[in-house]
Structures are given as C-alpha cells and as structure tokens.
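Undergrad: This is the structure, below, for whatever I ask next.
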Amino acid sequence: MDQNTFHDLISGKTRGWFPNLLRGLLQPVSWAYGLVVSCRSTLYGHGLLRSYRAPCPVICIGNLTTGGTGKTPLVAWLCQVLSQEMKVQCAVLTRGYKSSCTKTDEPAMLEKQLGIPVLVNGDRIASTKLALSRGPVDVFVMDDGFQHQRLARDLNILTLDATNPFGYKKLLPAGLLREPMTAIRRAQCVVITRSDQVTDNNLKTLTTTIQNVSPGMRIATAVHRPTAVHIPGKDTQPPSWLQDRAVFAFCGIGNPCAFFETLEKLGVHCVGTQRFDDHYHCTKKDLQDLQAQATMKGAELLLTTEKNFPDIAAIDTPLSVPVGYLSVALAFESGEDHVKELIEQTLACKISQS
C-alpha cells in the first residue's frame, strides 16, 4: 500500500466494506501503540529512563505526526538565525530517514544550503559526541527529534501543518499521530506551517485547540514561500517565471498536495502530476517514464522539489524535457519575535551556566 492509498484509507475517504474492515483492524493496534508511547513518556517524565544532557544547548524541531510538516525549512531558518544573527557555531543532528549514516534528501539539502555540519545517525547522542570531537559547537539543532527523548533538549519547537495538524486525530497506524495531542505540552513554542493554505476560521480554530491543550503556549504562524526556479545549465529564475508555463510536476514528500497547491498559486499551467511516497528515490526508469508523460502532455518543464532533485541530478540519461526544482524558504506571518526571544533566552541561560 503506497502513501496516498494509506492516507485515503485512514482518513475515511476510501469507502466500502473492506476499507471499513481494515480501519477496524487498525484501531486495536493504534490503542496498543498508544499504550507503549504513554508508558515510555511516563518513564522519561519521572526520571526512570534517563536523558543524556549534551555539554551545550540543544534546540529541537519536531512534530506530532508522520509526514511533512515543514520542519526542514524551519531548521534552515533556525540555523541561519543562530549562525548569522547570533554568531554561534551550530550543528544539525538528524536521524536521516531511509539512510545509513549518509546524507540523502533533507540532510544533503541542509548541508548544501547552510554550510554547517549535518550529522546523520539514529543515535543522536553519538552524533553530539562526534560533532564535538571534530570542532567547537555552541548549540545543536535536532531535526525531527520531538519523540527522541534520550537526548535532553533545552528548547522544544513543535511544527503543526495547518492543512492536517493532528493526522486525522488518531494514533498510528489508525491515523498519523506519533503521540497524543497532549504531548504539545512538552513544547515551549508551536509553529503552524502552511498557514496560508487554510481559511482564517480554520487557523483560529487550530490556535484555540492548541491553547486549550496547553494554555499560554507561544504560537507562531509561517508559510513556505517560493524563492527561485533552478534548472541545470540555465540562469536561476524567480518563481513568477513559472506563470502560465506548461509544467509536469512530481514529488516524493510527506505533503504532495502542498507542493501542487503552491504551483497553482504561482499560476503554473500544470499539465500533469506524479506523486511518489515520502523519501522515495527516483530511478532511471522513473525519470524515463516522467519524460514520456511530460512529452506526451506537451510540458516544457519537469518540476520537482529541492528535496527530490538530487536523485534526478544523479541519473545519467538523455532528457527531452528539462528538469528543474522550486526552492522554498520559511517566512513567518506572525510570532517570529516570540521564537527568537525563546532562542535567545535558551542560549543565555545555558551559556551562563557553562
């Protein structure tokens, strides 16, 4: 079952006796999963399971659900603030989903963008020690680490995707939640991403829900703003260059609809789309199939995300239709000052203690 079919199943979009049966079978598994998660959190909360504290501050960017909530653009923003505005040395810790201590997808993209160490290892504690052995580090940024309680953190920033913040309000595998909604209370700040892709009323309802779960929570809203179109061998173009152009779009990310909606807002004439599972690595055959579809539909460009493009760039095959990617950056709509204030307070507290 691929990602899209699974989402249609757990969301209730797929109808019929068999999907209903599958959803019924998933629910007991979800209850058992929830019991394990709750027991684990309780053990950490009461100190029965110990967390390792690194010798320098750790700021965690995480989420409650599986799939893409916009963590990576927020990690990039945070590292730029730390290194450029606050003038501190930072390193990124990531587990590198579907990789074995190699840089693929987001890790490779982050290291290229930021020019700072990005350490890929499921054992974040080992990564902190390795990073410190290589040179000075003032602060660690832990990517996708909200559930990784083995490493203590000094600031938890939680991302919620406005288009599906609570993963159909059910725990895995009946829904997309990694933890119950009450886990929001472990965070000091929530950043609602893709806030421009929902109505004002929906955004207000989401904010109210967060405050009901965790009164006084600092909340910021942000969007993923397109910054440029990159096509190898050609000049970089502004996003407006895509307007009215015939494009065949494809991606393998957690929230493909968000990518396609971004293109729609840019006025792209999308002649076709192709979705792959999150973290899917395109093969030579995939690219040849995409080329055939794009040619048949009269596309002048195959367009993907910055995350997915490295796979395409590594494939050696003739191209009848050029392939490029759209880069995006996180831009705050509200609450950026709250986030920066928390970062400054966290660093000041830890550095003064050191």
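For the structure tokens, the naming scheme is as follows: chains receive sequential letters (A, B, ...) according to their order of presentation, residues are indexed from 1 within each chain, and ligands are indexed from 1 in presentation order.
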Please list as a ChimeraX atom specification every residue within 7 Å of region 247-259 of chain A, counting only C-alpha atoms and excluding residues in the same chain fewer than 5 positions away.

TA: /A:67-68,268-280,294,299-305,308

Undergrad: Kindly save the residues from that selection, with N, CA and C atoms included, as an mmCIF file, in the first residue's frame.

TA:
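As a result, again_20.cif now contains:
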```cif
data_model
loop_
_atom_site.group_PDB
_atom_site.id
_atom_site.type_symbol
_atom_site.label_atom_id
_atom_site.label_comp_id
_atom_site.auth_asym_id
_atom_site.auth_seq_id
_atom_site.Cartn_x
_atom_site.Cartn_y
_atom_site.Cartn_z
ATOM 1 N N GLY A 67 5.110 12.269 8.251
ATOM 2 C CA GLY A 67 4.945 13.043 7.026
ATOM 3 C C GLY A 67 5.465 14.458 7.169
ATOM 4 N N GLY A 68 5.323 15.217 6.101
ATOM 5 C CA GLY A 68 5.931 16.545 6.051
ATOM 6 C C GLY A 68 5.094 17.616 6.708
ATOM 7 N N VAL A 268 0.964 28.406 -12.419
ATOM 8 C CA VAL A 268 1.550 27.402 -13.304
ATOM 9 C C VAL A 268 0.443 26.655 -14.047
ATOM 10 N N HIS A 269 0.678 26.395 -15.334
ATOM 11 C CA HIS A 269 -0.237 25.558 -16.110
ATOM 12 C C HIS A 269 0.231 24.116 -15.971
ATOM 13 N N CYS A 270 -0.329 23.434 -14.956
ATOM 14 C CA CYS A 270 0.112 22.067 -14.642
ATOM 15 C C CYS A 270 -0.581 21.094 -15.587
ATOM 16 N N VAL A 271 0.179 20.510 -16.516
ATOM 17 C CA VAL A 271 -0.406 19.583 -17.489
ATOM 18 C C VAL A 271 -0.470 18.159 -16.936
ATOM 19 N N GLY A 272 0.192 17.901 -15.815
ATOM 20 C CA GLY A 272 0.171 16.576 -15.208
ATOM 21 C C GLY A 272 0.958 16.558 -13.918
ATOM 22 N N THR A 273 0.653 15.588 -13.073
ATOM 23 C CA THR A 273 1.371 15.439 -11.798
ATOM 24 C C THR A 273 1.654 13.960 -11.527
ATOM 25 N N GLN A 274 2.686 13.732 -10.732
ATOM 26 C CA GLN A 274 3.038 12.382 -10.303
ATOM 27 C C GLN A 274 3.480 12.440 -8.849
ATOM 28 N N ARG A 275 2.888 11.603 -8.014
ATOM 29 C CA ARG A 275 3.238 11.547 -6.606
ATOM 30 C C ARG A 275 3.996 10.256 -6.312
ATOM 31 N N PHE A 276 5.071 10.397 -5.568
ATOM 32 C CA PHE A 276 5.793 9.246 -5.037
ATOM 33 C C PHE A 276 5.698 9.288 -3.519
ATOM 34 N N ASP A 277 5.967 8.178 -2.870
ATOM 35 C CA ASP A 277 5.970 8.150 -1.410
ATOM 36 C C ASP A 277 7.058 9.077 -0.867
ATOM 37 N N ASP A 278 6.853 9.545 0.359
ATOM 38 C CA ASP A 278 7.856 10.386 1.017
ATOM 39 C C ASP A 278 9.184 9.647 1.098
ATOM 40 N N HIS A 279 10.263 10.348 0.786
ATOM 41 C CA HIS A 279 11.629 9.809 0.806
ATOM 42 C C HIS A 279 11.877 8.774 -0.306
ATOM 43 N N TYR A 280 10.976 8.706 -1.266
ATOM 44 C CA TYR A 280 11.186 7.779 -2.383
ATOM 45 C C TYR A 280 12.365 8.268 -3.229
ATOM 46 N N ALA A 294 5.606 13.727 -19.705
ATOM 47 C CA ALA A 294 5.735 15.167 -19.928
ATOM 48 C C ALA A 294 5.707 15.492 -21.420
ATOM 49 N N ALA A 299 4.502 19.281 -21.996
ATOM 50 C CA ALA A 299 5.152 20.089 -20.961
ATOM 51 C C ALA A 299 6.476 20.634 -21.455
ATOM 52 N N GLU A 300 6.787 21.862 -21.073
ATOM 53 C CA GLU A 300 8.090 22.436 -21.421
ATOM 54 C C GLU A 300 9.091 22.289 -20.276
ATOM 55 N N LEU A 301 8.591 21.801 -19.131
ATOM 56 C CA LEU A 301 9.478 21.637 -17.976
ATOM 57 C C LEU A 301 8.927 20.570 -17.040
ATOM 58 N N LEU A 302 9.812 19.703 -16.534
ATOM 59 C CA LEU A 302 9.501 18.804 -15.427
ATOM 60 C C LEU A 302 9.982 19.499 -14.157
ATOM 61 N N LEU A 303 9.105 19.642 -13.177
ATOM 62 C CA LEU A 303 9.456 20.402 -11.977
ATOM 63 C C LEU A 303 9.219 19.570 -10.729
ATOM 64 N N THR A 304 10.194 19.608 -9.808
ATOM 65 C CA THR A 304 10.083 18.880 -8.559
ATOM 66 C C THR A 304 10.519 19.773 -7.403
ATOM 67 N N THR A 305 10.677 19.170 -6.229
ATOM 68 C CA THR A 305 11.104 19.920 -5.051
ATOM 69 C C THR A 305 12.626 19.857 -4.907
ATOM 70 N N ASN A 308 13.765 16.461 -3.655
ATOM 71 C CA ASN A 308 13.772 15.329 -4.581
ATOM 72 C C ASN A 308 14.759 15.466 -5.730
#
```

Undergrad: Near region 20-28 of chain A, counting only C-alpha atoms, which residues have an atom at most 10 Å away, once you skip same-chain residues fewer than 3 positions from it, shown as a ChimeraX atom specification?

TA: /A:9-12,14-17,31-34,170-175

Undergrad: Residues of region 100-335 of chain A in alpha helix (DSSP H) according to DSSP, as a ChimeraX atom specification?

TA: /A:106-114,124-134,200-213,256-265,284-296,309-313

Undergrad: Got time to write the residues from that selection, C-alpha atoms, as a PDB file, in the first residue's frame?

TA:
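Saved as part34.pdb:
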```
ATOM      1  CA  GLU A 106      16.829  16.719   3.688  1.00  0.00           C
ATOM      2  CA  PRO A 107      20.316  16.198   5.226  1.00  0.00           C
ATOM      3  CA  ALA A 108      22.051  16.734   1.886  1.00  0.00           C
ATOM      4  CA  MET A 109      19.846  19.743   1.146  1.00  0.00           C
ATOM      5  CA  LEU A 110      20.509  21.299   4.560  1.00  0.00           C
ATOM      6  CA  GLU A 111      24.275  20.896   4.356  1.00  0.00           C
ATOM      7  CA  LYS A 112      24.320  22.429   0.880  1.00  0.00           C
ATOM      8  CA  GLN A 113      22.143  25.357   1.945  1.00  0.00           C
ATOM      9  CA  LEU A 114      23.763  26.132   5.279  1.00  0.00           C
ATOM     10  CA  ARG A 124      21.686  11.481  18.333  1.00  0.00           C
ATOM     11  CA  ILE A 125      23.835  11.117  21.453  1.00  0.00           C
ATOM     12  CA  ALA A 126      26.631   9.565  19.393  1.00  0.00           C
ATOM     13  CA  SER A 127      26.236  12.418  16.900  1.00  0.00           C
ATOM     14  CA  THR A 128      26.749  15.063  19.588  1.00  0.00           C
ATOM     15  CA  LYS A 129      29.973  13.402  20.714  1.00  0.00           C
ATOM     16  CA  LEU A 130      31.226  13.020  17.150  1.00  0.00           C
ATOM     17  CA  ALA A 131      30.470  16.660  16.319  1.00  0.00           C
ATOM     18  CA  LEU A 132      32.294  17.920  19.410  1.00  0.00           C
ATOM     19  CA  SER A 133      35.292  15.748  18.594  1.00  0.00           C
ATOM     20  CA  ARG A 134      35.574  17.462  15.215  1.00  0.00           C
ATOM     21  CA  ASP A 200      -8.780  32.287   8.755  1.00  0.00           C
ATOM     22  CA  ASN A 201     -11.525  30.460  10.666  1.00  0.00           C
ATOM     23  CA  ASN A 202      -9.658  27.151  10.461  1.00  0.00           C
ATOM     24  CA  LEU A 203      -6.483  28.836  11.635  1.00  0.00           C
ATOM     25  CA  LYS A 204      -8.321  30.440  14.549  1.00  0.00           C
ATOM     26  CA  THR A 205      -9.843  27.073  15.498  1.00  0.00           C
ATOM     27  CA  LEU A 206      -6.429  25.413  15.414  1.00  0.00           C
ATOM     28  CA  THR A 207      -4.932  28.139  17.610  1.00  0.00           C
ATOM     29  CA  THR A 208      -7.784  27.723  20.102  1.00  0.00           C
ATOM     30  CA  THR A 209      -7.273  23.937  20.171  1.00  0.00           C
ATOM     31  CA  ILE A 210      -3.567  24.362  20.929  1.00  0.00           C
ATOM     32  CA  GLN A 211      -4.293  26.849  23.717  1.00  0.00           C
ATOM     33  CA  ASN A 212      -6.924  24.519  25.198  1.00  0.00           C
ATOM     34  CA  VAL A 213      -4.409  21.666  25.324  1.00  0.00           C
ATOM     35  CA  PRO A 256       2.497  16.477  -2.003  1.00  0.00           C
ATOM     36  CA  CYS A 257      -0.752  18.443  -2.165  1.00  0.00           C
ATOM     37  CA  ALA A 258       1.022  21.424  -0.596  1.00  0.00           C
ATOM     38  CA  PHE A 259       3.608  21.441  -3.405  1.00  0.00           C
ATOM     39  CA  PHE A 260       0.966  21.261  -6.119  1.00  0.00           C
ATOM     40  CA  GLU A 261      -1.099  23.975  -4.436  1.00  0.00           C
ATOM     41  CA  THR A 262       1.975  26.225  -4.333  1.00  0.00           C
ATOM     42  CA  LEU A 263       2.360  25.799  -8.094  1.00  0.00           C
ATOM     43  CA  GLU A 264      -1.310  26.587  -8.602  1.00  0.00           C
ATOM     44  CA  LYS A 265      -0.912  29.836  -6.640  1.00  0.00           C
ATOM     45  CA  LYS A 284      16.346   5.839 -14.125  1.00  0.00           C
ATOM     46  CA  LYS A 285      13.135   4.135 -15.225  1.00  0.00           C
ATOM     47  CA  ASP A 286      11.077   6.584 -13.147  1.00  0.00           C
ATOM     48  CA  LEU A 287      12.756   9.503 -14.867  1.00  0.00           C
ATOM     49  CA  GLN A 288      12.249   7.961 -18.307  1.00  0.00           C
ATOM     50  CA  ASP A 289       8.549   7.428 -17.520  1.00  0.00           C
ATOM     51  CA  LEU A 290       8.248  11.027 -16.335  1.00  0.00           C
ATOM     52  CA  GLN A 291       9.923  12.232 -19.528  1.00  0.00           C
ATOM     53  CA  ALA A 292       7.482  10.213 -21.631  1.00  0.00           C
ATOM     54  CA  GLN A 293       4.449  11.599 -19.762  1.00  0.00           C
ATOM     55  CA  ALA A 294       5.735  15.167 -19.928  1.00  0.00           C
ATOM     56  CA  THR A 295       6.412  14.889 -23.670  1.00  0.00           C
ATOM     57  CA  MET A 296       3.021  13.355 -24.369  1.00  0.00           C
ATOM     58  CA  PHE A 309      16.056  16.899  -7.167  1.00  0.00           C
ATOM     59  CA  PRO A 310      19.404  15.307  -6.090  1.00  0.00           C
ATOM     60  CA  ASP A 311      18.109  11.882  -7.172  1.00  0.00           C
ATOM     61  CA  ILE A 312      17.296  13.242 -10.625  1.00  0.00           C
ATOM     62  CA  ALA A 313      20.614  15.063 -10.961  1.00  0.00           C
TER      63      ALA A 313
END
```

Undergrad: To one decimal in Å, tell me the separation between CA of Asn156 (chain A) and CA of Gly45 (chain A).

TA: 15.0 Å

Undergrad: Which neighbours of region 189-198 of chain A fall inside 10 Å, counting only C-alpha atoms, when residues of the same chain fewer than 4 positions from it are skipped, and could you give them as a ChimeraX atom specification?

TA: /A:61-63,69-71,73-74,155-165,184-185,202-203,206-207,210,216-225,258,261-262,330-336,338-339,342

Undergrad: Store the residues of this selection in a file with C-alpha atoms, as a tab-separated table (two decimals), in the first residue's frame.

TA:
```tsv
chain	number	residue	atom	x	y	z
A	61	ILE	CA	12.45	20.99	15.88
A	62	GLY	CA	9.82	18.27	15.75
A	63	ASN	CA	6.22	17.35	15.06
A	69	THR	CA	5.00	19.43	8.33
A	70	GLY	CA	7.69	21.84	7.17
A	71	LYS	CA	10.37	21.00	9.71
A	73	PRO	CA	12.64	24.88	6.20
A	74	LEU	CA	12.28	25.78	9.89
A	155	LEU	CA	14.01	24.20	23.80
A	156	ASN	CA	11.27	22.26	22.01
A	157	ILE	CA	9.76	23.93	18.95
A	158	LEU	CA	6.84	21.94	17.58
A	159	THR	CA	5.61	22.25	13.99
A	160	LEU	CA	1.98	21.65	13.05
A	161	ASP	CA	0.87	21.60	9.42
A	162	ALA	CA	-2.24	23.78	9.21
A	163	THR	CA	-3.70	21.57	6.46
A	164	ASN	CA	-3.67	18.44	8.65
A	165	PRO	CA	-2.33	19.33	12.10
A	184	ILE	CA	2.05	19.52	22.84
A	185	ARG	CA	2.67	20.42	26.49
A	202	ASN	CA	-9.66	27.15	10.46
A	203	LEU	CA	-6.48	28.84	11.63
A	206	LEU	CA	-6.43	25.41	15.41
A	207	THR	CA	-4.93	28.14	17.61
A	210	ILE	CA	-3.57	24.36	20.93
A	216	GLY	CA	-0.23	30.05	27.43
A	217	MET	CA	1.60	28.26	24.64
A	218	ARG	CA	3.52	30.65	22.36
A	219	ILE	CA	2.23	30.24	18.82
A	220	ALA	CA	3.72	31.48	15.54
A	221	THR	CA	2.42	31.09	12.00
A	222	ALA	CA	4.56	30.61	8.91
A	223	VAL	CA	4.35	29.94	5.19
A	224	HIS	CA	6.62	28.20	2.70
A	225	ARG	CA	7.49	30.97	0.29
A	258	ALA	CA	1.02	21.42	-0.60
A	261	GLU	CA	-1.10	23.97	-4.44
A	262	THR	CA	1.98	26.22	-4.33
A	330	LEU	CA	10.17	29.58	5.61
A	331	ALA	CA	8.67	33.03	6.18
A	332	PHE	CA	6.89	33.96	9.40
A	333	GLU	CA	3.48	35.57	9.19
A	334	SER	CA	3.30	36.15	12.96
A	335	GLY	CA	5.17	35.31	16.13
A	336	GLU	CA	8.74	35.39	14.79
A	338	HIS	CA	8.43	35.15	20.17
A	339	VAL	CA	10.51	32.37	18.62
A	342	LEU	CA	12.89	31.93	23.26
```

Undergrad: Mind checking DSSP for region 78-157 of chain A and telling me the strand (DSSP E) residues as a list in words?

TA: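 Answer for region 78-157 of chain A, restricted to strand (DSSP E): Cys90, Ala91, Val92, Leu93, Thr94, Val118, Leu119, Val120, Val139, Phe140, Val141, Met142, Asp143, Leu155, Asn156 and Ile157 of chain A.
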
Undergrad: Find the residue from A:Gly324, A:Pro117, A:Ile343, A:Tyr168 that sits nearest to Leu242 (chain A); use only C-alpha atoms when measuring.

TA: A:Gly324

Undergrad: Tell me, counting only C-alpha atoms, for each residue of region 170-216 of chain A within 9 Å of region 138-154 of chain A, which pair of atoms is nearest and how far apart they are in Å to one decimal, in rows ordered by chain and increasing number, as a Markdown table.

TA:
```
| residue | atom | partner | partner_atom | distance |
| --- | --- | --- | --- | --- |
| A:Arg178 | CA | A:Gln147 | CA | 8.1 |
| A:Glu179 | CA | A:Gln147 | CA | 8.2 |
| A:Arg186 | CA | A:Phe146 | CA | 8.8 |
| A:Ala187 | CA | A:Phe146 | CA | 8.6 |
```

Undergrad: Given the selection you just returned, output its residues as a file containing N, CA and C atoms, formatted as a short mmCIF file (atom, residue, chain, number, x, y, z; two decimals), in the first residue's frame.

TA:
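Ended up saving to selection_23.cif:
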```cif
data_model
loop_
_atom_site.label_atom_id
_atom_site.label_comp_id
_atom_site.auth_asym_id
_atom_site.auth_seq_id
_atom_site.Cartn_x
_atom_site.Cartn_y
_atom_site.Cartn_z
N ARG A 178 2.01 10.48 16.01
CA ARG A 178 3.06 9.72 16.69
C ARG A 178 2.81 9.67 18.19
N GLU A 179 2.16 10.71 18.70
CA GLU A 179 1.87 10.83 20.13
C GLU A 179 0.49 11.46 20.28
N ARG A 186 4.85 19.40 26.04
CA ARG A 186 6.32 19.32 26.20
C ARG A 186 7.03 20.43 25.43
N ALA A 187 6.32 21.08 24.52
CA ALA A 187 6.94 22.15 23.71
C ALA A 187 6.85 23.49 24.42
#
```
